[in-house]
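Novice: Dropping a structure here in structure tokens format, bear with me for questions.
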Amino acid sequence: MSDDYEAIDPGDDAEFIPPPAWPKIIGVISMLFAGLGLVCGGLGFAFSVFGAGMVSGALEGDPPPPTMVFGPADYALAGLGLVLSVVLLFAGIMLFGRRPVGRSLHLLYAVCAIPLNIFAVINSMTKQADAVQWAKDFPNNPIAQQMNAGGAANEIGQIIGLVLGLGLGVGVPLFYFVWFAAIKTKPVQITGTEDGVY
């Protein structure tokens, strides 16, 4: 038997360096956010197709409120949002598998999602303001009466919704951008091995 190699004790923990745990955690979080985006985006598209028909009876011949009318900007935002959710889903899967390409996909998502979500909040605020004016223009409409009955509580709820939308829509991609552009910049930090393969 040759003595040219040094035997490794299987019980010696000093020889084993566990791979980093954070890629799996961030990967799962990314997959959850992507799933949320796909479900909400899908429901938004479904509402744009079927929503006006469901409330047409309550409109009593009046035009629908601006929040129920989908224009080119709304369809563009929804379509791009779905595409970015798919990108984030693949980014999460790649990161969960400790593949360095997950970093690039997260950066791509962050760079695209931040301005998209800012524009989405601005679009939503504009439509909410138009809906308030619509409710004033058609005060006898049952939908307008429901909107007006909410009063200050309705406005506070809308503000909270916009703040949460902006916080998640910009905060999460901003975290990804800082994390992958400034903190975890090397493949070894994802894979745990120098050759980039785990």
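Going by the structure tokens order, chains are called A, B, ..., each with residues numbered from 1, while ligands are numbered from 1 in the order shown.
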Do you know which residues are at most 7 Å from Pro23 of chain A counting only C-alpha atoms, after dropping those on the same chain fewer than 5 positions away, and could you put them as a VMD selection string?

Specialist: chain A and resid 95 to 96 98 190

Novice: Can you list, as an NGL selection string, every residue of segment 28-193 of chain A that DSSP puts in alpha helix (DSSP H)?

Specialist: :A and (28-59 or 72-96 or 101-137 or 142-178 or 187-191)

Novice: Work out how far apart atom CA of Gly167 of chain A and atom CA of Pro66 of chain A are and give it in Å to one decimal.

Specialist: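 Straight-line distance from atom CA of Gly167 of chain A to atom CA of Pro66 of chain A works out to 24.0 Å.
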
Novice: Using only C-alpha atoms for the distances, tell me which of A:Leu166, A:Ala182, A:Ala131, A:Ile122 is nearest to Leu107 of chain A.

Specialist: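 When distances to Leu107 of chain A are compared using only C-alpha atoms, the smallest one comes from A:Ala182.
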
Novice: Excluding Gly161 of chain A and its own-chain neighbours fewer than 6 positions away, which residues fall within 12 Å of it when counting only C-alpha atoms? Please give them as a list in words.

Specialist: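 The contact residues come out as Val121, Ser124, Met125, Gln128, Asn154, Glu155, Gly167, Leu168 and Gly169 of chain A.
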
Novice: When you draw a straight line from atom CA of Ile17 of chain A to atom CA of Gly92 of chain A, how long is it in Å?

Specialist: 23.5 Å

Novice: Quick one, how far is atom CA of Leu108 of chain A from atom CA of Leu84 of chain A?

Specialist: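 Here the two named atoms are 9.0 Å from each other.
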
Novice: Using only C-alpha atoms for the distances, tell me which of A:Gln133, A:Leu164, A:Gly102, A:Met68 is nearest to Thr185 of chain A.

Specialist: A:Gly102
